[in-house]
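Everything below belongs to coords-v5.txt, which stores compact mmCIF, N, CA and C atoms.
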```
# COMPACT_ATOMS: atom_id res chain seq x y z
N MET A 29 14.11 4.91 0.95
CA MET A 29 14.13 4.17 2.20
C MET A 29 13.85 5.12 3.36
N ASN A 30 13.18 4.61 4.36
CA ASN A 30 12.90 5.38 5.57
C ASN A 30 14.23 5.88 6.17
N PRO A 31 14.34 7.21 6.41
CA PRO A 31 15.59 7.75 6.95
C PRO A 31 15.99 7.17 8.31
N GLU A 32 15.00 6.84 9.15
CA GLU A 32 15.31 6.22 10.45
C GLU A 32 15.99 4.87 10.26
N ILE A 33 15.50 4.10 9.29
CA ILE A 33 16.09 2.79 9.03
C ILE A 33 17.48 2.96 8.42
N GLN A 34 17.63 3.94 7.56
CA GLN A 34 18.93 4.23 6.98
C GLN A 34 19.93 4.58 8.09
N ASN A 35 19.51 5.38 9.07
CA ASN A 35 20.37 5.73 10.20
C ASN A 35 20.71 4.50 11.04
N TYR A 36 19.73 3.63 11.26
CA TYR A 36 19.97 2.39 12.01
C TYR A 36 21.04 1.56 11.31
N ASN A 37 20.85 1.36 10.01
CA ASN A 37 21.82 0.57 9.23
C ASN A 37 23.21 1.19 9.31
N GLY A 38 23.28 2.51 9.20
CA GLY A 38 24.55 3.22 9.22
C GLY A 38 25.26 3.17 10.56
N SER A 39 24.52 2.89 11.62
CA SER A 39 25.13 2.84 12.96
C SER A 39 25.77 1.49 13.28
N GLN A 40 25.64 0.53 12.36
CA GLN A 40 26.20 -0.82 12.58
C GLN A 40 27.66 -0.87 12.11
N THR A 41 28.35 -1.96 12.49
CA THR A 41 29.71 -2.17 11.99
C THR A 41 29.64 -2.33 10.47
N GLU A 42 30.77 -2.25 9.81
CA GLU A 42 30.78 -2.30 8.34
C GLU A 42 30.12 -3.58 7.79
N SER A 43 30.48 -4.73 8.35
CA SER A 43 29.90 -5.98 7.83
C SER A 43 28.41 -6.07 8.16
N ASP A 44 28.01 -5.60 9.34
CA ASP A 44 26.59 -5.60 9.70
C ASP A 44 25.81 -4.58 8.86
N GLN A 45 26.45 -3.47 8.50
CA GLN A 45 25.81 -2.49 7.60
C GLN A 45 25.45 -3.14 6.28
N GLU A 46 26.36 -3.96 5.76
CA GLU A 46 26.10 -4.64 4.48
C GLU A 46 24.89 -5.56 4.59
N ILE A 47 24.80 -6.31 5.69
CA ILE A 47 23.68 -7.22 5.90
C ILE A 47 22.38 -6.42 6.03
N CYS A 48 22.40 -5.40 6.90
CA CYS A 48 21.21 -4.58 7.13
C CYS A 48 20.75 -3.88 5.86
N SER A 49 21.69 -3.35 5.10
CA SER A 49 21.33 -2.66 3.86
C SER A 49 20.70 -3.62 2.86
N LYS A 50 21.26 -4.82 2.76
CA LYS A 50 20.71 -5.83 1.85
C LYS A 50 19.30 -6.24 2.29
N LEU A 51 19.13 -6.47 3.59
CA LEU A 51 17.81 -6.85 4.09
C LEU A 51 16.78 -5.75 3.85
N SER A 52 17.14 -4.51 4.19
CA SER A 52 16.18 -3.41 4.02
C SER A 52 15.86 -3.19 2.54
N GLU A 53 16.84 -3.39 1.68
CA GLU A 53 16.62 -3.26 0.24
C GLU A 53 15.63 -4.32 -0.26
N LEU A 54 15.87 -5.57 0.11
CA LEU A 54 15.00 -6.66 -0.34
C LEU A 54 13.60 -6.57 0.27
N ILE A 55 13.54 -6.25 1.55
CA ILE A 55 12.23 -6.10 2.19
C ILE A 55 11.48 -4.94 1.56
N GLY A 56 12.18 -3.82 1.38
CA GLY A 56 11.56 -2.64 0.78
C GLY A 56 11.03 -2.88 -0.62
N GLU A 57 11.78 -3.65 -1.42
CA GLU A 57 11.34 -3.97 -2.78
C GLU A 57 10.06 -4.79 -2.79
N ASN A 58 9.92 -5.66 -1.80
CA ASN A 58 8.78 -6.57 -1.76
C ASN A 58 7.62 -6.06 -0.90
N LEU A 59 7.88 -5.07 -0.08
CA LEU A 59 6.84 -4.47 0.76
C LEU A 59 6.85 -2.96 0.61
N ASN A 60 7.04 -2.48 -0.61
CA ASN A 60 7.29 -1.05 -0.84
C ASN A 60 6.17 -0.12 -0.39
N SER A 61 4.95 -0.58 -0.33
CA SER A 61 3.86 0.32 0.05
C SER A 61 3.52 0.24 1.54
N LEU A 62 4.24 -0.57 2.29
CA LEU A 62 3.91 -0.74 3.70
C LEU A 62 4.64 0.25 4.58
N GLU A 63 4.06 0.50 5.74
CA GLU A 63 4.68 1.36 6.74
C GLU A 63 5.93 0.68 7.28
N SER A 64 6.99 1.45 7.43
CA SER A 64 8.21 0.95 8.06
C SER A 64 8.71 2.02 9.01
N LYS A 65 9.27 1.58 10.12
CA LYS A 65 9.80 2.52 11.11
C LYS A 65 10.71 1.78 12.08
N ILE A 66 11.38 2.57 12.91
CA ILE A 66 12.15 1.99 14.01
C ILE A 66 11.15 1.76 15.14
N TRP A 67 11.03 0.51 15.54
CA TRP A 67 10.06 0.12 16.56
C TRP A 67 10.78 -0.75 17.59
N HIS A 68 10.73 -0.36 18.83
CA HIS A 68 11.46 -1.04 19.91
C HIS A 68 12.96 -1.12 19.58
N GLY A 69 13.46 -0.08 18.91
CA GLY A 69 14.89 0.04 18.66
C GLY A 69 15.42 -0.56 17.38
N HIS A 70 14.54 -1.15 16.55
CA HIS A 70 15.05 -1.74 15.30
C HIS A 70 14.01 -1.62 14.18
N PRO A 71 14.45 -1.78 12.92
CA PRO A 71 13.57 -1.63 11.76
C PRO A 71 12.49 -2.71 11.70
N VAL A 72 11.24 -2.26 11.48
CA VAL A 72 10.10 -3.17 11.39
C VAL A 72 9.17 -2.66 10.30
N TRP A 73 8.58 -3.61 9.56
CA TRP A 73 7.59 -3.30 8.53
C TRP A 73 6.24 -3.80 9.02
N PHE A 74 5.17 -3.01 8.74
CA PHE A 74 3.83 -3.28 9.25
C PHE A 74 2.84 -3.39 8.11
N LEU A 75 1.87 -4.29 8.27
CA LEU A 75 0.76 -4.42 7.35
C LEU A 75 -0.50 -4.09 8.15
N GLU A 76 -1.14 -2.97 7.80
CA GLU A 76 -2.33 -2.50 8.51
C GLU A 76 -2.10 -2.42 10.02
N GLY A 77 -0.94 -1.88 10.40
CA GLY A 77 -0.61 -1.69 11.81
C GLY A 77 -0.08 -2.92 12.52
N ASN A 78 0.00 -4.03 11.84
CA ASN A 78 0.46 -5.28 12.44
C ASN A 78 1.91 -5.54 12.01
N PRO A 79 2.84 -5.75 12.96
CA PRO A 79 4.24 -6.01 12.57
C PRO A 79 4.35 -7.35 11.86
N ILE A 80 5.08 -7.37 10.73
CA ILE A 80 5.23 -8.64 10.02
C ILE A 80 6.68 -9.07 9.85
N VAL A 81 7.60 -8.12 9.68
CA VAL A 81 9.01 -8.48 9.51
C VAL A 81 9.90 -7.35 10.03
N GLY A 82 11.05 -7.73 10.57
CA GLY A 82 12.02 -6.75 11.04
C GLY A 82 13.36 -7.42 11.27
N TYR A 83 14.35 -6.62 11.58
CA TYR A 83 15.67 -7.18 11.89
C TYR A 83 16.33 -6.37 12.98
N SER A 84 17.27 -7.01 13.68
CA SER A 84 17.97 -6.35 14.77
C SER A 84 19.35 -6.97 14.98
N LYS A 85 20.23 -6.19 15.55
CA LYS A 85 21.58 -6.65 15.90
C LYS A 85 21.50 -7.38 17.23
N GLN A 86 22.00 -8.61 17.25
CA GLN A 86 22.06 -9.39 18.47
C GLN A 86 23.43 -10.05 18.56
N LYS A 87 23.73 -10.68 19.68
CA LYS A 87 25.04 -11.31 19.86
C LYS A 87 25.36 -12.31 18.77
N LYS A 88 24.35 -13.09 18.33
CA LYS A 88 24.56 -14.14 17.33
C LYS A 88 24.65 -13.60 15.91
N GLY A 89 24.40 -12.31 15.73
CA GLY A 89 24.44 -11.71 14.39
C GLY A 89 23.23 -10.83 14.16
N ILE A 90 22.93 -10.58 12.90
CA ILE A 90 21.74 -9.81 12.55
C ILE A 90 20.58 -10.79 12.47
N ARG A 91 19.58 -10.55 13.30
CA ARG A 91 18.41 -11.44 13.37
C ARG A 91 17.29 -10.89 12.50
N LEU A 92 16.90 -11.65 11.49
CA LEU A 92 15.75 -11.33 10.67
C LEU A 92 14.58 -12.09 11.26
N MET A 93 13.52 -11.37 11.67
CA MET A 93 12.40 -11.99 12.35
C MET A 93 11.10 -11.76 11.61
N PHE A 94 10.32 -12.81 11.52
CA PHE A 94 8.96 -12.74 10.98
C PHE A 94 8.01 -13.02 12.15
N TRP A 95 7.14 -12.07 12.45
CA TRP A 95 6.26 -12.18 13.61
C TRP A 95 5.35 -13.41 13.53
N SER A 96 4.98 -13.83 12.34
CA SER A 96 4.11 -15.00 12.18
C SER A 96 4.85 -16.17 11.54
N GLY A 97 6.17 -16.13 11.60
CA GLY A 97 7.02 -17.09 10.91
C GLY A 97 6.88 -18.54 11.33
N LYS A 98 6.45 -18.78 12.55
CA LYS A 98 6.25 -20.16 13.00
C LYS A 98 5.24 -20.88 12.12
N SER A 99 4.25 -20.13 11.65
CA SER A 99 3.19 -20.71 10.81
C SER A 99 3.61 -20.86 9.35
N PHE A 100 4.79 -20.40 8.99
CA PHE A 100 5.27 -20.54 7.60
C PHE A 100 5.71 -21.98 7.31
N ASN A 101 6.02 -22.74 8.36
CA ASN A 101 6.54 -24.11 8.21
C ASN A 101 7.78 -24.15 7.32
N GLU A 102 8.72 -23.29 7.63
CA GLU A 102 9.98 -23.20 6.89
C GLU A 102 11.11 -23.70 7.78
N THR A 103 11.83 -24.72 7.34
CA THR A 103 12.87 -25.34 8.17
C THR A 103 14.05 -24.41 8.43
N LYS A 104 14.29 -23.45 7.56
CA LYS A 104 15.44 -22.55 7.75
C LYS A 104 15.17 -21.47 8.80
N LEU A 105 13.89 -21.28 9.15
CA LEU A 105 13.54 -20.30 10.17
C LEU A 105 13.49 -20.99 11.53
N ASN A 106 14.18 -20.40 12.51
CA ASN A 106 14.25 -20.97 13.85
C ASN A 106 13.09 -20.48 14.70
N ILE A 107 12.50 -21.41 15.43
CA ILE A 107 11.41 -21.09 16.35
C ILE A 107 11.97 -21.27 17.75
N GLU A 108 11.98 -20.18 18.53
CA GLU A 108 12.61 -20.25 19.84
C GLU A 108 11.62 -20.40 20.97
N GLY A 109 10.50 -19.71 20.92
CA GLY A 109 9.56 -19.74 22.02
C GLY A 109 8.32 -20.56 21.72
N GLU A 110 7.52 -20.75 22.75
CA GLU A 110 6.27 -21.50 22.62
C GLU A 110 5.07 -20.56 22.58
N LYS A 111 5.18 -19.41 23.23
CA LYS A 111 4.02 -18.54 23.43
C LYS A 111 3.62 -17.77 22.17
N PHE A 112 4.59 -17.32 21.39
CA PHE A 112 4.29 -16.48 20.24
C PHE A 112 4.49 -17.24 18.93
N GLN A 113 4.27 -16.58 17.83
CA GLN A 113 4.32 -17.21 16.51
C GLN A 113 5.53 -16.75 15.69
N ASP A 114 6.52 -16.13 16.34
CA ASP A 114 7.67 -15.61 15.60
C ASP A 114 8.67 -16.71 15.26
N ALA A 115 9.40 -16.45 14.20
CA ALA A 115 10.50 -17.31 13.78
C ALA A 115 11.55 -16.42 13.13
N SER A 116 12.81 -16.85 13.21
CA SER A 116 13.88 -15.97 12.73
C SER A 116 15.05 -16.76 12.17
N ILE A 117 15.95 -16.01 11.57
CA ILE A 117 17.20 -16.55 11.04
C ILE A 117 18.29 -15.50 11.30
N PHE A 118 19.50 -15.96 11.58
CA PHE A 118 20.62 -15.06 11.85
C PHE A 118 21.57 -15.02 10.66
N PHE A 119 22.13 -13.83 10.42
CA PHE A 119 23.12 -13.64 9.37
C PHE A 119 24.37 -13.00 9.95
N ASN A 120 25.52 -13.49 9.53
CA ASN A 120 26.80 -12.90 9.92
C ASN A 120 27.60 -12.42 8.73
N ASP A 121 27.06 -12.61 7.54
CA ASP A 121 27.69 -12.16 6.31
C ASP A 121 26.61 -11.93 5.27
N LYS A 122 26.77 -10.90 4.47
CA LYS A 122 25.78 -10.58 3.43
C LYS A 122 25.57 -11.75 2.48
N GLY A 123 26.61 -12.52 2.22
CA GLY A 123 26.53 -13.65 1.31
C GLY A 123 25.65 -14.79 1.80
N GLU A 124 25.30 -14.79 3.09
CA GLU A 124 24.42 -15.83 3.64
C GLU A 124 22.95 -15.60 3.29
N ILE A 125 22.62 -14.41 2.82
CA ILE A 125 21.22 -14.07 2.53
C ILE A 125 20.82 -14.72 1.20
N ASN A 126 19.84 -15.60 1.26
CA ASN A 126 19.29 -16.23 0.07
C ASN A 126 18.07 -15.41 -0.36
N GLU A 127 18.21 -14.69 -1.47
CA GLU A 127 17.15 -13.78 -1.91
C GLU A 127 15.85 -14.50 -2.22
N ASP A 128 15.93 -15.69 -2.80
CA ASP A 128 14.71 -16.44 -3.12
C ASP A 128 13.96 -16.83 -1.85
N ASP A 129 14.70 -17.31 -0.84
CA ASP A 129 14.06 -17.65 0.44
C ASP A 129 13.42 -16.42 1.06
N LEU A 130 14.17 -15.32 1.08
CA LEU A 130 13.66 -14.10 1.69
C LEU A 130 12.38 -13.62 1.00
N LYS A 131 12.36 -13.64 -0.32
CA LYS A 131 11.16 -13.23 -1.05
C LYS A 131 9.98 -14.14 -0.73
N LYS A 132 10.24 -15.44 -0.64
CA LYS A 132 9.18 -16.41 -0.31
C LYS A 132 8.62 -16.13 1.08
N TRP A 133 9.51 -15.86 2.05
CA TRP A 133 9.07 -15.60 3.41
C TRP A 133 8.30 -14.29 3.51
N ILE A 134 8.73 -13.29 2.75
CA ILE A 134 8.01 -12.00 2.74
C ILE A 134 6.60 -12.20 2.20
N GLU A 135 6.47 -12.98 1.14
CA GLU A 135 5.13 -13.27 0.59
C GLU A 135 4.28 -13.97 1.63
N LYS A 136 4.87 -14.93 2.33
CA LYS A 136 4.13 -15.64 3.38
C LYS A 136 3.74 -14.69 4.51
N SER A 137 4.59 -13.70 4.79
CA SER A 137 4.29 -12.76 5.88
C SER A 137 3.07 -11.90 5.56
N LYS A 138 2.77 -11.73 4.28
CA LYS A 138 1.57 -10.99 3.88
C LYS A 138 0.34 -11.90 3.92
N GLU A 139 0.52 -13.18 3.68
CA GLU A 139 -0.59 -14.12 3.59
C GLU A 139 -0.95 -14.77 4.93
N ILE A 140 0.05 -14.94 5.80
CA ILE A 140 -0.14 -15.61 7.08
C ILE A 140 0.16 -14.59 8.18
N GLN A 141 -0.87 -14.25 8.97
CA GLN A 141 -0.65 -13.23 10.00
C GLN A 141 -1.37 -13.58 11.29
N TRP A 142 -0.67 -13.32 12.38
CA TRP A 142 -1.25 -13.37 13.71
C TRP A 142 -1.39 -11.93 14.18
N ASP A 143 -2.38 -11.65 14.99
CA ASP A 143 -2.73 -10.29 15.38
C ASP A 143 -1.92 -9.79 16.57
N TYR A 144 -0.70 -9.32 16.27
CA TYR A 144 0.13 -8.72 17.31
C TYR A 144 -0.33 -7.31 17.65
N LYS A 145 -0.99 -6.67 16.71
CA LYS A 145 -1.46 -5.29 16.91
C LYS A 145 -2.36 -5.18 18.14
N ASN A 146 -3.16 -6.20 18.38
CA ASN A 146 -4.13 -6.16 19.48
C ASN A 146 -3.81 -7.12 20.62
N ILE A 147 -2.56 -7.53 20.72
CA ILE A 147 -2.17 -8.50 21.75
C ILE A 147 -2.37 -7.96 23.17
N VAL A 148 -2.16 -6.67 23.36
CA VAL A 148 -2.34 -6.09 24.69
C VAL A 148 -3.82 -6.09 25.06
N LYS A 149 -4.68 -5.70 24.12
CA LYS A 149 -6.13 -5.70 24.37
C LYS A 149 -6.63 -7.10 24.71
N ARG A 150 -6.00 -8.10 24.11
CA ARG A 150 -6.42 -9.49 24.34
C ARG A 150 -5.63 -10.14 25.48
N LYS A 151 -4.93 -9.32 26.24
CA LYS A 151 -4.18 -9.78 27.42
C LYS A 151 -3.21 -10.92 27.09
N GLY A 152 -2.46 -10.74 25.99
CA GLY A 152 -1.42 -11.68 25.61
C GLY A 152 -1.87 -12.82 24.71
N GLU A 153 -3.14 -12.88 24.41
CA GLU A 153 -3.64 -13.97 23.54
C GLU A 153 -3.49 -13.56 22.09
N LEU A 154 -2.88 -14.45 21.31
CA LEU A 154 -2.73 -14.21 19.87
C LEU A 154 -3.86 -14.88 19.10
N VAL A 155 -4.38 -14.15 18.12
CA VAL A 155 -5.45 -14.65 17.27
C VAL A 155 -4.96 -14.59 15.83
N ARG A 156 -5.19 -15.65 15.10
CA ARG A 156 -4.78 -15.66 13.69
C ARG A 156 -5.72 -14.81 12.86
N LEU A 157 -5.14 -13.91 12.04
CA LEU A 157 -5.91 -13.05 11.15
C LEU A 157 -6.13 -13.70 9.80
N LYS A 158 -5.06 -14.26 9.26
CA LYS A 158 -5.11 -14.88 7.92
C LYS A 158 -4.39 -16.20 7.96
```
Please re-express this file's structure in structure tokens.
Amino acid sequence: MNPEIQNYNGSQTESDQEICSKLSELIGENLNSLESKIWHGHPVWFLEGNPIVGYSKQKKGIRLMFWSGKSFNETKLNIEGEKFQDASIFFNDKGEINEDDLKKWIEKSKEIQWDYKNIVKRKGELVRLK
């Protein structure tokens, strides 16, 4: 596992550490060859420089976010904004993580992508890659 992500996970409370460790383990198993790093303060995995999945500590719990998740058409993923294509789910206990759902969403994150990598060049306009 990326040492930066390991440090991030270790800096959380005990219960949040369990959630973060489980998420990073499952994401890592399914995206093992992809770049991962701490980006904007939290763990993110990239496919060809494009962010696809990450998680962060927020008031509501640990937020697992898929940058193109709105296009997954998954009812368990919450869509909050109108402008971007992200969708997320919050966890407050490791037992809430459904491994089958997570694996399905990770597969979709590889197949369905919006181009966040070039959003600045396009002045905020998102273009679908896949």
Please extract the residues of stretch 31-108 of chain A with a backbone DSSP assignment of helix (DSSP H, G or I) and present them as number ranges by chain. A: 31-38, 42-58, 97-100
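Near A:His70, within 8 Å and counting only N, CA and C atoms, sit Glu32, Ile33, Tyr36, Lys65, Ile66, Trp67, His68, Val72, Trp73, Gly82, Tyr83, Ser84 and Lys85 of chain A; same-chain residues fewer than 2 positions away were not included.
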Taking (10.1, -7.7, -0.4) in the file's coordinates, which residues come within 8 Å, counting all atoms listed in the file, written as a VMD selection string? chain A and resid 52 to 60 130 to 135
Taking only residues of stretch 29-95 of chain A that have an atom at most 6.5 Å from an atom of stretch 138-144 of chain A, what is each one's shortest atom pair and its distance in Å to one decimal, using all atoms listed in the file, in chain and number order, as JSON lines?
```
{"residue": "A:Asn78", "atom": "CA", "partner": "A:Tyr144", "partner_atom": "C", "distance": 5.6}
{"residue": "A:Pro79", "atom": "N", "partner": "A:Tyr144", "partner_atom": "C", "distance": 5.9}
{"residue": "A:Trp95", "atom": "C", "partner": "A:Trp142", "partner_atom": "N", "distance": 6.1}
```
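Going from atom C of A:Asn106 to atom C of A:Ser64 covers 23.6 Å.
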Record the distance separating atom C of A:Glu124 and atom CA of A:Met93, expressed in Å with one decimal. 14.4 Å
Please determine, counting only C-alpha atoms, which residue among A:Ile107, A:Cys48, A:Ala115, A:Met29 has the shortest atom-to-atom distance to A:Val81.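 Between A:Ile107, A:Cys48, A:Ala115, A:Met29, the residue approaching A:Val81 most closely is A:Ala115.
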Figure out the distance between atom CA of A:Ser61 and atom CA of A:Ser49, please, to one decimal in Å.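 Value for the atom CA of A:Ser49-atom CA of A:Ser61 distance: 18.1 Å.
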Taking the DSSP secondary structure from the backbone, can you list the residues of stretch 32-90 of chain A that are strand (DSSP E), as a list in words?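 The residues of stretch 32-90 of chain A classed as strand (DSSP E) are Glu63, Ser64, Lys65, Ile66, Trp67, His70, Pro71, Val72, Trp73, Phe74, Leu75, Asn78, Pro79, Ile80, Val81, Gly82, Tyr83, Ser84, Lys85, Gln86, Gly89 and Ile90 of chain A.
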Check the smallest atom-to-atom distance from each of A:Leu75, A:Asn120, A:Asp128, A:Leu157 to A:Glu46 using only C-alpha atoms, then report the winner.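 Going through A:Leu75, A:Asn120, A:Asp128, A:Leu157 one by one, the smallest distance to A:Glu46 is for A:Asn120.
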Using only N, CA and C atoms, can you tell me which of A:Ile80, A:Asn146, A:Lys122, A:Ser96 comes closest to A:Asp44?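 Result for the nearest residue to A:Asp44: A:Lys122.
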Could you tell me which of A:Pro31, A:Glu76, A:Asp114, A:Leu62 comes closest to A:Lys145 if we count all atoms listed in the file? A:Glu76
Could you check the closest approach to A:Leu92 for each of A:Asn35, A:Ile47, A:Thr41, A:Ile117 and tell me which residue wins, using only C-alpha atoms?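 Checking each of A:Asn35, A:Ile47, A:Thr41, A:Ile117 against A:Leu92, counting only C-alpha atoms, the winner is A:Ile117.
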Mind filling out stretch 81-100 of chain A with N, CA, C and O atoms and sending it as an mmCIF file, keeping the file's coordinate frame?
```cif
data_model
loop_
_atom_site.group_PDB
_atom_site.id
_atom_site.type_symbol
_atom_site.label_atom_id
_atom_site.label_comp_id
_atom_site.auth_asym_id
_atom_site.auth_seq_id
_atom_site.Cartn_x
_atom_site.Cartn_y
_atom_site.Cartn_z
ATOM 1 N N VAL A 81 7.600 -8.120 9.680
ATOM 2 C CA VAL A 81 9.010 -8.480 9.510
ATOM 3 C C VAL A 81 9.900 -7.350 10.030
ATOM 4 O O VAL A 81 9.539 -6.178 9.951
ATOM 5 N N GLY A 82 11.050 -7.730 10.570
ATOM 6 C CA GLY A 82 12.020 -6.750 11.040
ATOM 7 C C GLY A 82 13.360 -7.420 11.270
ATOM 8 O O GLY A 82 13.475 -8.647 11.181
ATOM 9 N N TYR A 83 14.350 -6.620 11.580
ATOM 10 C CA TYR A 83 15.670 -7.180 11.890
ATOM 11 C C TYR A 83 16.330 -6.370 12.980
ATOM 12 O O TYR A 83 15.992 -5.203 13.213
ATOM 13 N N SER A 84 17.270 -7.010 13.680
ATOM 14 C CA SER A 84 17.970 -6.350 14.770
ATOM 15 C C SER A 84 19.350 -6.970 14.980
ATOM 16 O O SER A 84 19.578 -8.128 14.636
ATOM 17 N N LYS A 85 20.230 -6.190 15.550
ATOM 18 C CA LYS A 85 21.580 -6.650 15.900
ATOM 19 C C LYS A 85 21.500 -7.380 17.230
ATOM 20 O O LYS A 85 20.975 -6.859 18.201
ATOM 21 N N GLN A 86 22.000 -8.610 17.250
ATOM 22 C CA GLN A 86 22.060 -9.390 18.470
ATOM 23 C C GLN A 86 23.430 -10.050 18.560
ATOM 24 O O GLN A 86 24.210 -9.974 17.611
ATOM 25 N N LYS A 87 23.730 -10.680 19.680
ATOM 26 C CA LYS A 87 25.040 -11.310 19.860
ATOM 27 C C LYS A 87 25.360 -12.310 18.770
ATOM 28 O O LYS A 87 26.490 -12.421 18.318
ATOM 29 N N LYS A 88 24.350 -13.090 18.330
ATOM 30 C CA LYS A 88 24.560 -14.140 17.330
ATOM 31 C C LYS A 88 24.650 -13.600 15.910
ATOM 32 O O LYS A 88 24.930 -14.358 14.987
ATOM 33 N N GLY A 89 24.400 -12.310 15.730
ATOM 34 C CA GLY A 89 24.440 -11.710 14.390
ATOM 35 C C GLY A 89 23.230 -10.830 14.160
ATOM 36 O O GLY A 89 22.585 -10.386 15.104
ATOM 37 N N ILE A 90 22.930 -10.580 12.900
ATOM 38 C CA ILE A 90 21.740 -9.810 12.550
ATOM 39 C C ILE A 90 20.580 -10.790 12.470
ATOM 40 O O ILE A 90 20.597 -11.743 11.686
ATOM 41 N N ARG A 91 19.580 -10.550 13.300
ATOM 42 C CA ARG A 91 18.410 -11.440 13.370
ATOM 43 C C ARG A 91 17.290 -10.890 12.500
ATOM 44 O O ARG A 91 16.800 -9.787 12.732
ATOM 45 N N LEU A 92 16.900 -11.650 11.490
ATOM 46 C CA LEU A 92 15.750 -11.330 10.670
ATOM 47 C C LEU A 92 14.580 -12.090 11.260
ATOM 48 O O LEU A 92 14.625 -13.320 11.378
ATOM 49 N N MET A 93 13.520 -11.370 11.670
ATOM 50 C CA MET A 93 12.400 -11.990 12.350
ATOM 51 C C MET A 93 11.100 -11.760 11.610
ATOM 52 O O MET A 93 10.821 -10.649 11.159
ATOM 53 N N PHE A 94 10.320 -12.810 11.520
ATOM 54 C CA PHE A 94 8.960 -12.740 10.980
ATOM 55 C C PHE A 94 8.010 -13.020 12.150
ATOM 56 O O PHE A 94 8.089 -14.075 12.766
ATOM 57 N N TRP A 95 7.140 -12.070 12.450
ATOM 58 C CA TRP A 95 6.260 -12.180 13.610
ATOM 59 C C TRP A 95 5.350 -13.410 13.530
ATOM 60 O O TRP A 95 5.005 -13.983 14.539
ATOM 61 N N SER A 96 4.980 -13.830 12.340
ATOM 62 C CA SER A 96 4.110 -15.000 12.180
ATOM 63 C C SER A 96 4.850 -16.170 11.540
ATOM 64 O O SER A 96 4.247 -17.108 11.032
ATOM 65 N N GLY A 97 6.170 -16.130 11.600
ATOM 66 C CA GLY A 97 7.020 -17.090 10.910
ATOM 67 C C GLY A 97 6.880 -18.540 11.330
ATOM 68 O O GLY A 97 7.144 -19.445 10.547
ATOM 69 N N LYS A 98 6.450 -18.780 12.550
ATOM 70 C CA LYS A 98 6.250 -20.160 13.000
ATOM 71 C C LYS A 98 5.240 -20.880 12.120
ATOM 72 O O LYS A 98 5.372 -22.058 11.829
ATOM 73 N N SER A 99 4.250 -20.130 11.650
ATOM 74 C CA SER A 99 3.190 -20.710 10.810
ATOM 75 C C SER A 99 3.610 -20.860 9.350
ATOM 76 O O SER A 99 2.850 -21.398 8.551
ATOM 77 N N PHE A 100 4.790 -20.400 8.990
ATOM 78 C CA PHE A 100 5.270 -20.540 7.600
ATOM 79 C C PHE A 100 5.710 -21.980 7.310
ATOM 80 O O PHE A 100 5.835 -22.366 6.158
#
```
